[in-house]
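Coordinates from data_7.txt are shown below (compact mmCIF, C-alpha atoms and all ligand atoms).
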```
# COMPACT_ATOMS: atom_id res chain seq x y z
CA MET O 245 130.89 61.47 105.68
CA TYR O 246 127.94 62.07 103.36
CA ALA O 247 127.86 65.71 104.48
CA LEU O 248 131.44 66.05 103.24
CA LEU O 249 130.66 64.26 99.96
CA PHE O 250 127.67 66.53 99.49
CA ARG O 251 129.69 69.68 100.18
CA LEU O 252 132.70 68.73 98.09
CA VAL O 253 131.11 66.88 95.18
CA PHE O 254 127.32 66.97 94.79
CA ARG O 255 126.82 70.60 95.77
CA ARG O 256 129.25 71.75 93.08
CA MET O 257 127.45 69.78 90.39
CA ASP O 258 124.27 70.55 88.53
CA PRO O 259 121.53 69.01 90.75
CA GLU O 260 120.14 66.76 88.03
CA ARG O 261 123.62 65.49 87.15
CA ALA O 262 124.31 64.80 90.81
CA HIS O 263 121.02 62.91 91.01
CA ARG O 264 121.95 60.77 88.00
CA LEU O 265 125.39 60.03 89.43
CA ALA O 266 124.09 59.03 92.88
CA PHE O 267 121.37 57.00 91.20
CA ARG O 268 123.94 55.11 89.14
CA TRP O 269 125.93 54.24 92.27
CA ILE O 270 122.81 53.00 94.04
CA ARG O 271 121.82 50.83 91.07
CA LEU O 272 125.34 49.46 90.72
CA ALA O 273 125.62 48.59 94.41
CA ALA O 274 122.26 46.82 94.29
CA ARG O 275 123.51 44.64 91.44
CA VAL O 276 126.48 43.24 93.36
CA PRO O 277 125.23 40.56 95.79
CA VAL O 278 127.91 40.97 98.49
CA LEU O 279 127.69 44.74 98.39
CA ARG O 280 123.90 44.90 98.55
CA THR O 281 123.68 42.37 101.37
CA TYR O 282 126.23 44.32 103.38
CA ALA O 283 124.66 47.70 102.54
CA ALA O 284 121.17 46.50 103.48
CA ALA O 285 122.45 45.05 106.77
CA VAL O 286 124.01 48.40 107.69
CA LEU O 287 121.51 50.82 106.20
CA ALA O 288 118.23 48.97 106.62
CA PRO O 289 118.18 47.24 110.00
CA ARG O 290 114.68 46.03 110.78
CA TYR O 291 112.65 46.81 113.87
CA PRO O 292 109.84 44.27 114.40
CA GLN O 293 107.82 46.85 116.34
CA LEU O 294 107.70 49.10 113.25
CA ARG O 295 106.12 46.45 111.04
CA THR O 296 103.22 48.05 109.27
CA GLU O 297 100.09 46.77 107.59
CA ALA O 298 98.58 49.23 105.19
CA LEU O 299 96.53 48.99 102.00
CA GLY O 300 96.36 45.24 102.56
CA LEU O 301 100.17 45.03 102.34
CA ARG O 302 102.70 43.97 104.92
CA MET O 303 105.75 46.22 105.15
CA HIS O 304 108.89 46.26 107.28
CA GLY O 305 108.02 49.76 108.42
CA PRO O 306 105.97 52.86 107.60
CA PHE O 307 108.61 54.86 105.74
CA GLY O 308 108.85 54.94 101.96
CA LEU O 309 110.33 56.80 99.03
CA ALA O 310 108.03 59.43 97.51
CA ALA O 311 107.30 59.53 93.79
CA GLY O 312 109.66 61.31 91.41
CA PHE O 313 112.98 59.85 92.52
CA ASP O 314 112.70 56.58 90.61
CA LYS O 315 110.41 57.69 87.82
CA ASN O 316 111.08 54.71 85.55
CA ALA O 317 111.27 51.85 88.06
CA VAL O 318 114.95 51.18 87.50
CA ALA O 319 116.21 51.24 91.10
CA ILE O 320 113.55 49.65 93.30
CA ASP O 321 115.94 47.18 94.91
CA GLY O 322 118.56 49.88 95.33
CA MET O 323 116.13 52.05 97.25
CA ALA O 324 114.96 49.09 99.35
CA MET O 325 118.64 48.40 100.08
CA LEU O 326 118.87 51.93 101.51
CA GLY O 327 116.02 51.19 103.90
CA PHE O 328 112.87 52.49 102.23
CA ASP O 329 109.99 50.23 103.30
CA HIS O 330 108.06 50.98 100.15
CA VAL O 331 109.04 52.59 96.88
CA GLU O 332 106.64 54.68 94.82
CA ILE O 333 107.77 54.79 91.22
CA GLY O 334 106.63 57.38 88.65
CA THR O 335 105.02 59.61 87.80
CA VAL O 336 104.49 57.54 84.67
CA THR O 337 102.42 58.88 81.78
CA ALA O 338 100.71 56.94 78.98
CA ARG O 339 103.18 58.22 76.39
CA PRO O 340 106.93 58.61 76.90
CA GLN O 341 107.93 62.26 77.22
CA PRO O 342 111.16 64.20 77.81
CA GLY O 343 109.82 66.61 80.42
CA ASN O 344 110.72 70.28 80.51
CA PRO O 345 114.00 71.57 79.10
CA PRO O 346 116.91 71.80 81.57
CA THR O 347 117.76 73.44 83.91
CA ARG O 348 114.72 72.19 85.83
CA LEU O 349 115.92 71.19 89.30
CA PHE O 350 117.29 73.68 91.84
CA ARG O 351 118.79 73.22 95.31
CA LEU O 352 117.98 75.70 98.06
CA VAL O 353 120.61 74.30 100.39
CA ARG O 354 120.18 76.68 103.32
CA ASP O 355 116.44 76.11 103.29
CA ARG O 356 116.86 72.33 102.97
CA ALA O 357 114.57 72.57 99.98
CA LEU O 358 114.34 71.89 96.26
CA ILE O 359 112.44 73.52 93.44
CA ASN O 360 111.67 71.33 90.45
CA ARG O 361 109.87 71.71 87.17
CA MET O 362 110.83 68.32 85.76
CA GLY O 363 107.48 67.96 83.97
CA PHE O 364 107.02 64.17 84.22
CA ASN O 365 110.08 63.10 82.21
CA ASN O 366 109.55 59.34 81.91
CA ASP O 367 109.74 56.34 79.58
CA GLY O 368 105.95 55.96 79.27
CA SER O 369 103.65 53.35 80.79
CA ALA O 370 104.26 50.61 78.17
CA ALA O 371 108.02 50.59 78.79
CA VAL O 372 107.69 50.89 82.56
CA ALA O 373 105.11 48.07 82.65
CA ALA O 374 107.48 45.84 80.66
CA ARG O 375 110.31 46.69 83.06
CA LEU O 376 108.22 45.92 86.12
CA GLY O 377 106.98 42.69 84.51
CA ALA O 378 110.55 41.53 83.89
CA ARG O 379 111.77 42.48 87.35
CA ARG O 380 113.14 39.79 89.66
CA PRO O 381 112.95 41.41 93.09
CA VAL O 382 115.88 40.94 95.45
CA PHE O 383 114.39 42.71 98.47
CA ARG O 384 110.82 42.42 99.63
CA THR O 385 109.41 45.92 99.33
CA ALA O 386 106.01 47.26 98.36
CA VAL O 387 105.95 48.99 94.97
CA GLY O 388 103.54 51.84 94.43
CA VAL O 389 102.93 53.06 90.89
CA ASN O 390 102.11 56.74 90.44
CA ILE O 391 100.41 57.75 87.17
CA GLY O 392 99.83 61.15 85.59
CA LYS O 393 98.65 62.81 82.40
CA THR O 394 100.74 62.98 79.23
CA LYS O 395 101.49 66.65 78.58
CA ALA O 396 100.49 66.56 74.89
CA VAL O 397 97.06 65.10 75.67
CA PRO O 398 94.30 67.71 75.99
CA GLU O 399 92.38 67.89 79.25
CA SER O 400 89.26 66.57 77.51
CA GLU O 401 91.11 63.26 76.96
CA ALA O 402 92.78 63.12 80.35
CA VAL O 403 90.63 60.28 81.69
CA ALA O 404 91.46 58.00 78.75
CA ASP O 405 95.16 58.80 79.18
CA TYR O 406 95.13 57.78 82.86
CA VAL O 407 93.06 54.69 82.02
CA THR O 408 95.67 53.54 79.47
CA SER O 409 98.40 53.76 82.12
CA ALA O 410 96.23 52.12 84.78
CA GLU O 411 95.48 49.14 82.52
CA ARG O 412 99.16 48.65 81.72
CA LEU O 413 100.55 49.23 85.19
CA ALA O 414 97.95 47.93 87.67
CA PRO O 415 99.07 44.29 87.18
CA HIS O 416 102.53 45.28 88.45
CA ALA O 417 101.47 47.60 91.26
CA ASP O 418 101.07 46.86 94.96
CA TYR O 419 99.14 50.13 94.94
CA LEU O 420 98.24 52.66 92.29
CA VAL O 421 98.31 56.45 92.71
CA VAL O 422 96.43 58.97 90.60
CA ASN O 423 98.60 62.07 90.63
CA VAL O 424 96.57 65.21 90.01
CA SER O 425 98.78 67.54 91.98
CA SER O 426 102.10 68.19 90.23
CA PRO O 427 102.42 71.86 89.35
CA ASN O 428 104.51 71.24 86.23
CA THR O 429 101.91 69.86 83.83
CA PRO O 430 99.59 72.67 82.75
CA GLY O 431 96.00 72.11 83.91
CA LEU O 432 96.79 68.95 85.87
CA ARG O 433 95.85 70.35 89.24
CA ASP O 434 92.42 71.38 87.96
CA LEU O 435 91.63 67.67 87.99
CA GLN O 436 91.52 67.90 91.80
CA ALA O 437 88.13 69.58 91.60
CA VAL O 438 85.60 66.99 92.65
CA GLY O 439 83.65 67.39 89.40
CA HIS O 440 86.71 66.19 87.45
CA LEU O 441 88.10 63.87 90.10
CA ARG O 442 84.99 61.70 90.54
CA PRO O 443 84.83 60.44 86.91
CA LEU O 444 88.62 60.15 86.77
CA LEU O 445 88.95 58.00 89.90
CA THR O 446 85.92 55.92 88.93
CA ALA O 447 87.39 55.20 85.49
CA VAL O 448 90.83 54.34 86.89
CA ARG O 449 89.23 52.04 89.50
CA GLU O 450 87.34 50.23 86.74
CA ALA O 451 90.45 50.01 84.58
CA ALA O 452 92.48 48.50 87.43
CA ASP O 453 89.72 45.95 88.12
CA ARG O 454 89.54 45.06 84.44
CA ALA O 455 93.29 44.63 84.19
CA VAL O 456 93.59 42.66 87.44
CA PRO O 457 90.35 40.75 87.98
CA ASP O 458 91.68 38.47 90.73
CA ARG O 459 93.12 41.15 93.07
CA ARG O 460 91.87 44.51 94.23
CA VAL O 461 94.76 46.89 93.56
CA PRO O 462 94.54 49.66 96.19
CA LEU O 463 93.89 53.05 94.61
CA LEU O 464 95.08 56.35 96.09
CA VAL O 465 95.00 59.98 95.03
CA LYS O 466 97.85 62.44 95.62
CA ILE O 467 96.87 66.01 96.39
CA ALA O 468 98.55 69.40 96.46
CA PRO O 469 99.23 71.45 99.59
CA ASP O 470 97.90 74.49 97.74
CA LEU O 471 94.29 73.31 97.86
CA ALA O 472 92.00 75.52 99.92
CA ASP O 473 90.81 73.84 103.13
CA GLU O 474 87.30 73.35 101.73
CA ASP O 475 88.76 71.58 98.70
CA VAL O 476 90.79 69.29 100.96
CA ASP O 477 87.52 68.44 102.73
CA ALA O 478 85.80 67.84 99.40
CA VAL O 479 88.51 65.38 98.30
CA ALA O 480 88.27 63.64 101.69
CA ASP O 481 84.50 63.26 101.33
CA LEU O 482 84.88 62.01 97.77
CA ALA O 483 87.44 59.42 98.87
CA VAL O 484 84.99 58.06 101.43
CA GLU O 485 82.12 58.15 98.93
CA LEU O 486 84.09 56.24 96.28
CA GLY O 487 85.67 53.79 98.72
CA LEU O 488 89.13 55.02 97.73
CA ASP O 489 91.92 53.24 99.58
CA GLY O 490 94.12 56.19 100.36
CA ILE O 491 95.12 59.82 100.01
CA ILE O 492 98.72 61.01 99.71
CA ALA O 493 99.24 64.44 101.22
CA THR O 494 101.06 66.28 99.80
CA ASN O 495 102.84 67.03 96.56
CA THR O 496 105.13 70.07 96.13
CA THR O 497 103.83 73.62 96.52
CA VAL O 498 103.78 76.60 94.18
CA ALA O 499 103.81 78.87 97.25
CA ARG O 500 107.11 80.27 98.51
CA ASP O 501 106.11 80.75 102.17
CA GLY O 502 108.33 79.24 104.78
CA LEU O 503 111.53 80.03 102.92
CA GLY O 504 114.20 81.76 104.97
CA LEU O 505 115.92 84.85 103.70
CA SER O 506 119.12 82.98 103.04
CA SER O 507 118.31 81.41 99.66
CA PRO O 508 119.15 83.69 96.72
CA PRO O 509 116.00 85.40 95.37
CA ALA O 510 116.97 84.36 91.83
CA LEU O 511 116.59 80.75 92.97
CA THR O 512 113.41 81.11 94.99
CA ALA O 513 111.85 82.88 91.99
CA GLU O 514 112.32 79.82 89.76
CA THR O 515 108.98 78.38 88.68
CA GLY O 516 108.12 74.89 89.80
CA GLY O 517 107.18 72.93 92.87
CA LEU O 518 108.90 73.64 96.17
CA SER O 519 109.66 70.65 98.39
CA GLY O 520 111.61 70.00 101.56
CA ALA O 521 111.62 71.75 104.93
CA PRO O 522 109.53 74.82 103.98
CA LEU O 523 106.66 72.51 103.01
CA LYS O 524 106.52 70.80 106.39
CA GLU O 525 103.92 72.90 108.13
CA ARG O 526 101.31 72.99 105.37
CA SER O 527 101.64 69.29 104.56
CA LEU O 528 101.13 68.41 108.21
CA GLU O 529 98.14 70.73 108.39
CA VAL O 530 96.51 69.11 105.34
CA LEU O 531 97.14 65.66 106.80
CA ARG O 532 95.54 66.60 110.13
CA ARG O 533 92.54 68.00 108.34
CA LEU O 534 92.15 64.86 106.27
CA TYR O 535 92.39 62.58 109.30
CA ALA O 536 89.83 64.64 111.21
CA ARG O 537 87.49 64.10 108.27
CA VAL O 538 88.10 60.48 107.23
CA GLY O 539 89.50 58.86 110.39
CA ASP O 540 90.38 55.23 109.76
CA ARG O 541 88.14 54.88 106.68
CA VAL O 542 90.87 55.96 104.25
CA THR O 543 94.59 55.22 104.60
CA LEU O 544 96.60 58.43 104.74
CA VAL O 545 100.16 58.82 103.50
CA GLY O 546 102.04 61.81 104.94
CA VAL O 547 104.67 63.43 102.73
CA GLY O 548 106.18 66.89 102.41
CA GLY O 549 109.07 68.30 104.41
CA VAL O 550 109.81 65.21 106.49
CA GLN O 551 113.40 65.73 107.68
CA ASP O 552 113.91 63.29 110.52
CA ALA O 553 112.33 60.75 112.86
CA GLU O 554 110.51 63.43 114.84
CA ASP O 555 108.83 64.70 111.68
CA ALA O 556 107.83 61.17 110.68
CA TRP O 557 106.46 60.56 114.18
CA GLN O 558 104.43 63.79 114.01
CA ARG O 559 102.92 62.60 110.72
CA ILE O 560 101.90 59.32 112.32
CA LEU O 561 100.32 61.10 115.28
CA ALA O 562 98.53 63.35 112.78
CA GLY O 563 96.95 60.38 111.00
CA ALA O 564 99.49 58.95 108.56
CA THR O 565 99.75 55.17 108.41
CA LEU O 566 102.57 55.56 105.89
CA VAL O 567 105.11 58.36 105.63
CA GLN O 568 107.24 59.26 102.62
CA GLY O 569 110.20 61.48 101.88
CA TYR O 570 112.30 62.72 98.99
CA SER O 571 114.09 66.08 99.38
CA ALA O 572 115.73 65.42 102.75
CA PHE O 573 117.27 62.27 101.29
CA ILE O 574 119.27 64.49 98.92
CA TYR O 575 120.71 66.38 101.90
CA GLU O 576 121.00 63.52 104.39
CA GLY O 577 122.22 60.69 102.17
CA PRO O 578 122.26 56.94 102.56
CA PHE O 579 122.04 56.79 106.37
CA TRP O 580 118.78 58.71 106.41
CA CYS O 581 116.37 55.77 106.61
CA ARG O 582 118.49 54.06 109.23
CA ALA O 583 118.34 57.09 111.52
CA LEU O 584 114.67 57.53 110.85
CA HIS O 585 113.78 53.95 111.73
CA LYS O 586 115.89 54.07 114.88
CA GLY O 587 114.28 57.31 115.99
CA LEU O 588 110.77 56.04 115.29
CA ALA O 589 111.38 52.86 117.26
CA ALA O 590 112.69 54.94 120.18
CA ARG O 591 109.65 57.22 120.12
CA LEU O 592 107.29 54.28 120.03
CA ALA O 593 109.08 52.66 122.97
CA ALA O 594 108.95 55.89 124.99
CA GLY O 595 105.28 56.62 124.32
CA PRO O 596 102.02 55.23 125.62
CA TYR O 597 101.18 53.29 122.45
CA ALA O 598 101.33 49.49 122.34
CA THR O 599 101.77 49.45 118.56
CA LEU O 600 102.55 51.88 115.79
CA ALA O 601 98.98 51.46 114.54
CA ASP O 602 97.71 52.74 117.91
CA ALA O 603 99.69 55.93 117.43
CA VAL O 604 98.14 56.71 114.02
CA GLY O 605 96.01 59.83 114.41
CA ALA O 606 96.35 59.90 118.20
CA ASP O 607 97.00 63.67 118.31
CA VAL O 608 93.93 64.44 116.21
CA ARG O 609 91.70 62.13 118.27
CA LYS O 610 93.02 63.72 121.46
CA ALA O 611 92.32 67.22 120.13
CA ALA O 612 88.77 66.18 119.17
CA THR O 613 87.94 64.97 122.68
CA ALA O 614 89.70 67.84 124.51
C1 LIG I 701 112.73 66.46 91.77
C2 LIG I 701 111.37 66.04 92.21
C3 LIG I 701 110.56 65.34 91.35
C4 LIG I 701 109.29 64.95 91.75
N1 LIG I 701 108.50 64.24 90.89
C5 LIG I 701 107.29 63.80 91.29
C6 LIG I 701 106.49 63.03 90.44
O1 LIG I 701 106.88 62.69 89.32
N2 LIG I 701 105.27 62.63 90.88
C7 LIG I 701 104.81 62.96 92.14
O2 LIG I 701 103.70 62.56 92.50
N3 LIG I 701 105.57 63.69 92.98
C8 LIG I 701 106.79 64.10 92.59
N4 LIG I 701 107.55 64.85 93.44
C9 LIG I 701 107.00 65.22 94.75
C10 LIG I 701 107.43 64.27 95.87
O3 LIG I 701 106.94 62.99 95.64
C11 LIG I 701 106.91 64.78 97.22
O4 LIG I 701 105.49 64.75 97.23
C12 LIG I 701 107.38 66.19 97.53
O5 LIG I 701 108.71 66.39 97.11
C13 LIG I 701 107.29 66.51 99.02
O6 LIG I 701 108.11 65.67 99.77
P1 LIG I 701 109.58 66.10 100.29
O7 LIG I 701 109.44 67.43 100.95
O8 LIG I 701 109.98 64.99 101.22
O9 LIG I 701 110.44 66.16 99.07
C14 LIG I 701 108.83 65.26 93.06
C15 LIG I 701 109.66 65.95 93.93
C16 LIG I 701 110.93 66.34 93.54
C17 LIG I 701 111.79 67.07 94.51
```

Would you mind giving the structure from this file in structure tokens?
Amino acid sequence: MYALLFRLVFRRMDPERAHRLAFRWIRLAARVPVLRTYAAAVLAPRYPQLRTEALGLRMHGPFGLAAGFDKNAVAIDGMAMLGFDHVEIGTVTARPQPGNPPTRLFRLVRDRALINRMGFNNDGSAAVAARLGARRPVFRTAVGVNIGKTKAVPESEAVADYVTSAERLAPHADYLVVNVSSPNTPGLRDLQAVGHLRPLLTAVREAADRAVPDRRVPLLVKIAPDLADEDVDAVADLAVELGLDGIIATNTTVARDGLGLSSPPALTAETGGLSGAPLKERSLEVLRRLYARVGDRVTLVGVGGVQDAEDAWQRILAGATLVQGYSAFIYEGPFWCRALHKGLAARLAAGPYATLADAVGADVRKAATA
């Protein structure tokens, strides 16, 4: 049914308009008690064997919504209603900003991909913190808060900009993510170099501890798939050195590999970050590399090109304790999480692993001992 709705309605609309429309429906449904209870029962059935403990948090399962879908924390319950076991809001910047001028989101339908150059359009960390503070959660779901740099702030003041957001948002975050990997804020990805990243992560850690003295808010960094392998290793080593809680791999790519020939060249040539199916291979590769380096010392979150339960299972075997998705949700619709959970539970039951946690990184460990 969603496939028909997508073909007849969403596909004919401007992608950002379609996103806003679908978003409004989700938020509306989540506000009506009967509707949300029914929707959650159908779309988010729970499997006890998928219960996941990560980052000191207990979750119904390993699968969550990646950053960028709910940038302003307005639909957390709606997304939980659809079956996401955690919701990462943001990217939020210290100052509100409109993002890049439209058109800035493109669908590559045949490639099951998106290109976006949104540019961190968001309400700013003061407004989002107030919204999160006033929130009365309906569904129990972990809320990650992803922060980034305000575009107008020069790189020399980037640390202070992140610190401002961390201080405001850490009290409302189950975990905090430092995003240094979006391709749409000039210079942002340079912050992935260890020389920049060390002081940045140290300052954000201190800010979170200052803002929330009675709880250690887990801190993660989100990296790009376009990093060279040595740079992936360097971030992994830094994460261990700093006692970072997690790494999210990966953000969108500026590369255009993996695209079929079927998407119009005018579309594939759009600048921005490519997400969805063509990103799958590289994201998985980065994840494997990270797990081989950090093992269980750092929690890994696998994201990028996850289409179905098999993809999510492969991420877990490659070292991901948590898995996230975004682009495939646009194509698959509201039954996506349901199918994913069902498929994961089936794979766990069919495999040699007693628990989901036992499966984390199993492929990489096996390869190391072979
Ligand atoms: C339209 C759009 C906006 C995004 N915005 C953000 C963002 O603000 N912050 C962020 O860390 N990642 C953002 N992402 C990246 C996703 O969180 C995710 O890392 C990426 O899309 C790969 O996952 P996918 O292939 O499942 O979409 C965005 C992705 C899309 C498609």

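Residue nearest Leu518 (chain O), chosen from O:Leu561, O:Val530, O:Leu326, O:Val498 and counting only C-alpha atoms: O:Val498.
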
For the interface of chain O with ligand LIG 701 (chain I) (cut-off 6 Å, counting all atoms listed in the file), please tabulate each contacting residue of chain O alongside its nearest pair of atoms and their separation in Å to one decimal, rows sorted by chain and increasing number, as a Markdown table.
```
| residue | atom | partner | partner_atom | distance |
| --- | --- | --- | --- | --- |
| O:Ala310 | CA | I:LIG701 | O3 | 4.2 |
| O:Ala311 | CA | I:LIG701 | O3 | 3.9 |
| O:Gly312 | CA | I:LIG701 | N1 | 3.2 |
| O:Gly334 | CA | I:LIG701 | O1 | 5.4 |
| O:Thr335 | CA | I:LIG701 | O1 | 3.9 |
| O:Leu358 | CA | I:LIG701 | C17 | 5.7 |
| O:Asn360 | CA | I:LIG701 | C1 | 5.2 |
| O:Phe364 | CA | I:LIG701 | O1 | 5.3 |
| O:Asn423 | CA | I:LIG701 | O2 | 5.5 |
| O:Thr494 | CA | I:LIG701 | O4 | 5.3 |
| O:Asn495 | CA | I:LIG701 | O4 | 3.6 |
| O:Thr496 | CA | I:LIG701 | C12 | 4.7 |
| O:Ser519 | CA | I:LIG701 | O7 | 4.1 |
| O:Gly520 | CA | I:LIG701 | O7 | 3.4 |
| O:Val547 | CA | I:LIG701 | O6 | 5.1 |
| O:Gly548 | CA | I:LIG701 | O6 | 3.5 |
| O:Gly549 | CA | I:LIG701 | O7 | 3.6 |
| O:Val550 | CA | I:LIG701 | O8 | 5.3 |
| O:Gly569 | CA | I:LIG701 | O8 | 3.6 |
| O:Tyr570 | CA | I:LIG701 | O9 | 3.9 |
| O:Ser571 | CA | I:LIG701 | O9 | 3.7 |
| O:Ala572 | CA | I:LIG701 | O8 | 6.0 |
```

| message | With only C-alpha atoms as the counted atoms, please give the residues lying no more than 12 Å from Gln551 (chain O), apart from itself and same-chain residues fewer than 3 positions off, as a ChimeraX atom specification. | response | /O:355-357,519-525,547-548,554-559,567-577,580-581,583-584,587

| If we count all atoms listed in the file, what is near region 255-264 of chain O at a cut-off of 9 Å, once residues fewer than 4 positions away on the same chain are taken out, given as a PyMOL selection string? | chain O and resi 249-251+268-269+313+346-351+353+574

| field | Polymer residues at most 10 Å from region 472-478 of chain O, all atoms listed in the file, same-chain spacing of 6 or more positions, as a VMD selection string | value | chain O and resid 436 to 438 493 529 to 531 533 to 534 536 to 538

| request: Please identify all polymer residues lying at most 12 Å from the point (85.0, 65.7, 89.7) (file coordinates), using all atoms listed in the file, and present the result as a PyMOL selection string. | output: chain O and resi 403+424+433-447+475+478-479+481-483+486

Got time to write the residues from that selection, C-alpha atoms, as a PDB file, in the frame of the given file?
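Okay, this is what ended up in again.pdb:
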```pdb
ATOM      1  CA  VAL O 403      90.630  60.280  81.690  1.00  0.00           C
ATOM      2  CA  VAL O 424      96.570  65.210  90.010  1.00  0.00           C
ATOM      3  CA  ARG O 433      95.850  70.350  89.240  1.00  0.00           C
ATOM      4  CA  ASP O 434      92.420  71.380  87.960  1.00  0.00           C
ATOM      5  CA  LEU O 435      91.630  67.670  87.990  1.00  0.00           C
ATOM      6  CA  GLN O 436      91.520  67.900  91.800  1.00  0.00           C
ATOM      7  CA  ALA O 437      88.130  69.580  91.600  1.00  0.00           C
ATOM      8  CA  VAL O 438      85.600  66.990  92.650  1.00  0.00           C
ATOM      9  CA  GLY O 439      83.650  67.390  89.400  1.00  0.00           C
ATOM     10  CA  HIS O 440      86.710  66.190  87.450  1.00  0.00           C
ATOM     11  CA  LEU O 441      88.100  63.870  90.100  1.00  0.00           C
ATOM     12  CA  ARG O 442      84.990  61.700  90.540  1.00  0.00           C
ATOM     13  CA  PRO O 443      84.830  60.440  86.910  1.00  0.00           C
ATOM     14  CA  LEU O 444      88.620  60.150  86.770  1.00  0.00           C
ATOM     15  CA  LEU O 445      88.950  58.000  89.900  1.00  0.00           C
ATOM     16  CA  THR O 446      85.920  55.920  88.930  1.00  0.00           C
ATOM     17  CA  ALA O 447      87.390  55.200  85.490  1.00  0.00           C
ATOM     18  CA  ASP O 475      88.760  71.580  98.700  1.00  0.00           C
ATOM     19  CA  ALA O 478      85.800  67.840  99.400  1.00  0.00           C
ATOM     20  CA  VAL O 479      88.510  65.380  98.300  1.00  0.00           C
ATOM     21  CA  ASP O 481      84.500  63.260 101.330  1.00  0.00           C
ATOM     22  CA  LEU O 482      84.880  62.010  97.770  1.00  0.00           C
ATOM     23  CA  ALA O 483      87.440  59.420  98.870  1.00  0.00           C
ATOM     24  CA  LEU O 486      84.090  56.240  96.280  1.00  0.00           C
TER      25      LEU O 486
END
```

| note | Students should find that CA of Gly546 (chain O) and CA of Thr385 (chain O) are spaced 18.4 Å

| said: Restricting the calculation to all atoms listed in the file: of O:Asp470, O:Asp329, O:Glu450, O:Glu411, which residue gets closest to Asp501 (chain O)? | reply: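 Once distances to Asp501 (chain O) are computed over all atoms listed in the file, the minimum belongs to O:Asp470.
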
| request: Tell me which protein, DNA and RNA residues are within 8 Å of Val604 (chain O), counting only C-alpha atoms, leaving out same-chain ones fewer than 2 positions away, and put them as a PyMOL selection string. | output: chain O and resi 560-565+600-602+606

Could you rebuild region 575-586 of chain O with N, CA and C atoms and give me the result as a short mmCIF file (atom, residue, chain, number, x, y, z; two decimals), keeping the file's coordinate frame?
```
data_model
loop_
_atom_site.label_atom_id
_atom_site.label_comp_id
_atom_site.auth_asym_id
_atom_site.auth_seq_id
_atom_site.Cartn_x
_atom_site.Cartn_y
_atom_site.Cartn_z
N TYR O 575 119.81 65.69 100.96
CA TYR O 575 120.71 66.38 101.90
C TYR O 575 121.30 65.43 102.94
N GLU O 576 120.56 64.40 103.30
CA GLU O 576 121.00 63.52 104.39
C GLU O 576 121.79 62.31 103.92
N GLY O 577 121.46 61.80 102.72
CA GLY O 577 122.22 60.69 102.17
C GLY O 577 121.79 59.32 102.65
N PRO O 578 122.67 58.34 102.43
CA PRO O 578 122.26 56.94 102.56
C PRO O 578 121.95 56.46 103.98
N PHE O 579 122.33 57.24 104.99
CA PHE O 579 122.04 56.79 106.37
C PHE O 579 120.71 57.34 106.88
N TRP O 580 120.00 58.01 106.00
CA TRP O 580 118.78 58.71 106.41
C TRP O 580 117.72 57.75 106.95
N CYS O 581 117.43 56.71 106.19
CA CYS O 581 116.37 55.77 106.61
C CYS O 581 116.75 55.08 107.91
N ARG O 582 118.02 54.74 108.02
CA ARG O 582 118.49 54.06 109.23
C ARG O 582 118.20 54.91 110.47
N ALA O 583 118.56 56.19 110.38
CA ALA O 583 118.34 57.09 111.52
C ALA O 583 116.84 57.26 111.78
N LEU O 584 116.10 57.32 110.71
CA LEU O 584 114.67 57.53 110.85
C LEU O 584 113.98 56.34 111.54
N HIS O 585 114.36 55.15 111.12
CA HIS O 585 113.78 53.95 111.73
C HIS O 585 114.15 53.87 113.21
N LYS O 586 115.41 54.14 113.50
CA LYS O 586 115.89 54.07 114.88
C LYS O 586 115.12 55.07 115.76
#
```
